[in-house]
Amino acid sequence: MGDDLYVNQEFESKESVQKAIKCYCMKNYRTAALEESKKSKLLMKCVNYVEGCPWRVRAMLPRWRDRWIVTRWGGKHTCVNPYLSQDHRQLDSDFICSCILGMVQVDPSTSIALIQERISGLNGYKVSYRKAWTAKQKAIVKLFGDWEDSYAYLERWLKYMLSFARGSFYRIDRLPYIIGGELDDSRDMFHRVFWTFKQCTDAFKSCKPVIQIDGTHLYGKYKGTMLIATTQDGNSQVLPLAFAIVESETLSDWSWFLRKLHRHVTDMQGICLISDRHISIKQAVANNPDLWGPPRVYHVYCIRHIASNFNHKFHNVQLKKDLLNLGMFTRIIP
């Protein structure tokens with residue numbers, strides 16, 4: 001923004017004024033401090049104001065207007081900037097958030113390194129990983145809502161899914177909400193959710209009779225685990241079959257997921273069920289022989305998990321490759 005701040009300049013909001021001031025400070029290698037911030041008034045001054053630098057800016061929201069106006073402009077700085085910092089006081093997470101809203105909206109998985117590069121290109125300052133990460137979280141909240149909003153919209157999203165993918169299925173399990181040892185009947189607490197798309201379950205009828213199951217940890221404010229079932233088509237392309245979000249990979253959660261998988265995805269005979277050697281999966285399969293035992297289902301272990309555990313113990317990459325090749329061999333050598 002440079003020296004473009006001037007008296008009677010108009011802005012749409014207080015946030016726009018603050019962003020303009022921050023841009024000015026960064027471009028001119030200056031630092032401003034907040035002196036007063038009210039509902040209809042904003043006053044900022046140079047950090048060297050006490051030493052005599054007259055730079056000061058004030059913006060107001062008049063009662064008869066719907067736009068903020070710069071009413072006082074202290075002119076140029078008279079103080080000397082002793083050094084140019086690699087970071088900048090005005091380059092906070094709120095400012096960075098306003099700069100990256102567009103890129104986060106297009107790609108919510110935008111890396112922190114890319115955000116750091118973007119800010120460096122825009123303002124010439126290198127920001128810390130922590131500051132860029134915080135800014136991205138604020139951008140996600142502004143664009144998509146916070147964690148509480150996401151869980152509150154979960155059932156609405158799933159119902160919306162059913163209206164477009166008719167025949168799909170979801171199930172949300174909830175727990176009683178207890179606070180201070182007392183049951184609150186007006187609220188409940190999210191426990192776990194399962195969903196599957198009708199198009200995927202229909203496609204499975206034309207795929208290999210193979211189901212692969214696995215779990216992965218979720219990261220963020222609320223921890224948890226995503227369980228997923230996939231298969232392969234005739235071209236060895238992955239097709240997702242079902243998803244679930246649960247507390248962790250417990251026997252209860254895996255048993256619940258497998259029951260839902262049998263009832264709402266497939267009850268086909270002769271399925272090959274592939275998993276890692278997680279104790280809860282093994283026990284869940286063993287506890288339901290009618291659903292997940294021969295001849296209906298044949299449970300085997302993923303060769304890649306076995307090879308990874310093998311290499312972890314023996315630390316031999318070549319032996320790991322040999323084990324993988326052995327597990328993928330399709331004929332018996334006479």
# chains A, B, ... in the order shown; residues from 1 in each chain; ligands from 1
call {"tool": "residues_around", "arguments": {"residues": "stretch 56-59 of chain A", "least_positions_apart": "2", "cutoff": "12 Å", "atoms": "only C-alpha atoms", "output": "PyMOL selection string"}}
result
chain A and resi 5-18+20-22+24-25+31-50+52-54+61-62+67-78
call {"tool": "closest_atom_pairs", "arguments": {"of": "stretch 179-219 of chain A", "to": "stretch 135-152 of chain A", "cutoff": "12 Å", "atoms": "only C-alpha atoms", "output": "Markdown table"}}
result
| residue | atom | partner | partner_atom | distance |
| --- | --- | --- | --- | --- |
| A:Arg187 | CA | A:Ala152 | CA | 11.8 |
| A:Asp188 | CA | A:Ala152 | CA | 11.4 |
| A:Met189 | CA | A:Tyr151 | CA | 10.1 |
| A:Phe190 | CA | A:Tyr151 | CA | 8.0 |
| A:His191 | CA | A:Tyr151 | CA | 11.0 |
| A:Arg192 | CA | A:Tyr151 | CA | 11.1 |
| A:Val193 | CA | A:Tyr151 | CA | 10.8 |
| A:Tyr219 | CA | A:Trp147 | CA | 11.7 |
call {"tool": "residues_around", "arguments": {"residues": "A:Met268", "least_positions_apart": "6", "cutoff": "10 Å", "atoms": "only C-alpha atoms", "output": "PyMOL selection string"}}
result
chain A and resi 204-205+209+262+296-297
call {"tool": "write_last_selection", "arguments": {"atoms": "N, CA and C atoms", "output": "short mmCIF file (atom, residue, chain, number, x, y, z; two decimals), in the first residue's frame"}}
result
data_model
loop_
_atom_site.label_atom_id
_atom_site.label_comp_id
_atom_site.auth_asym_id
_atom_site.auth_seq_id
_atom_site.Cartn_x
_atom_site.Cartn_y
_atom_site.Cartn_z
N PHE A 204 -19.25 -52.82 -6.73
CA PHE A 204 -18.53 -53.95 -6.14
C PHE A 204 -18.96 -55.28 -6.75
N LYS A 205 -20.18 -55.36 -7.23
CA LYS A 205 -20.66 -56.59 -7.84
C LYS A 205 -19.88 -56.96 -9.10
N PRO A 209 -13.63 -60.18 -5.86
CA PRO A 209 -14.24 -60.47 -4.54
C PRO A 209 -13.23 -60.26 -3.42
N HIS A 262 -21.11 -55.84 6.32
CA HIS A 262 -21.83 -57.03 5.84
C HIS A 262 -23.27 -56.70 5.47
N ARG A 296 -17.83 -68.22 3.65
CA ARG A 296 -18.31 -66.90 3.24
C ARG A 296 -17.14 -65.95 3.02
N VAL A 297 -16.21 -65.91 3.98
CA VAL A 297 -15.08 -64.98 3.92
C VAL A 297 -13.80 -65.69 4.34
#
call {"tool": "closest_residue", "arguments": {"among": "A:Leu261, A:Leu122, A:Leu239, A:Ala132", "to": "A:Ser206", "atoms": "only C-alpha atoms"}}
result
A:Leu239
call {"tool": "closest_residue", "arguments": {"among": "A:Ile213, A:Ile281, A:Ile112, A:Phe243", "to": "A:His264", "atoms": "only C-alpha atoms"}}
result
A:Phe243
call {"tool": "atom_distance", "arguments": {"atom1": "atom CA of A:Pro295", "atom2": "atom CA of A:Thr266"}}
result
14.7 Å
call {"tool": "atom_distance", "arguments": {"atom1": "atom CA of A:Gln237", "atom2": "atom CA of A:Asn325"}}
result
20.1 Å
call {"tool": "residues_around", "arguments": {"residues": "stretch 318-324 of chain A", "least_positions_apart": "6", "cutoff": "12 Å", "atoms": "only C-alpha atoms", "output": "PyMOL selection string"}}
result
chain A and resi 302-312
call {"tool": "write_last_selection", "arguments": {"atoms": "C-alpha atoms", "output": "PDB file, in the first residue's frame"}}
result
ATOM      1  CA  CYS A 302      -1.611 -57.746   3.906  1.00  0.00           C
ATOM      2  CA  ILE A 303       1.815 -58.718   2.558  1.00  0.00           C
ATOM      3  CA  ARG A 304       3.027 -55.112   2.660  1.00  0.00           C
ATOM      4  CA  HIS A 305       2.299 -54.857   6.385  1.00  0.00           C
ATOM      5  CA  ILE A 306       4.058 -58.174   6.976  1.00  0.00           C
ATOM      6  CA  ALA A 307       7.083 -57.064   4.924  1.00  0.00           C
ATOM      7  CA  SER A 308       7.228 -53.741   6.780  1.00  0.00           C
ATOM      8  CA  ASN A 309       7.216 -55.510  10.154  1.00  0.00           C
ATOM      9  CA  PHE A 310       9.810 -57.963   8.832  1.00  0.00           C
ATOM     10  CA  ASN A 311      12.122 -55.122   7.805  1.00  0.00           C
ATOM     11  CA  HIS A 312      11.569 -53.351  11.134  1.00  0.00           C
TER      12      HIS A 312
END
call {"tool": "closest_residue", "arguments": {"among": "A:Arg171, A:Ile274, A:Asp290, A:Phe329", "to": "A:Lys260", "atoms": "only C-alpha atoms"}}
result
A:Arg171
call {"tool": "closest_residue", "arguments": {"among": "A:His299, A:Lys126, A:His315, A:Lys27", "to": "A:Ile271", "atoms": "only C-alpha atoms"}}
result
A:His299
call {"tool": "closest_residue", "arguments": {"among": "A:Arg174, A:His217, A:Arg63, A:Arg166", "to": "A:Phe197", "atoms": "only C-alpha atoms"}}
result
A:Arg166
call {"tool": "closest_residue", "arguments": {"among": "A:Ala286, A:Trp292, A:Met60, A:Thr134", "to": "A:Arg259", "atoms": "only C-alpha atoms"}}
result
A:Trp292
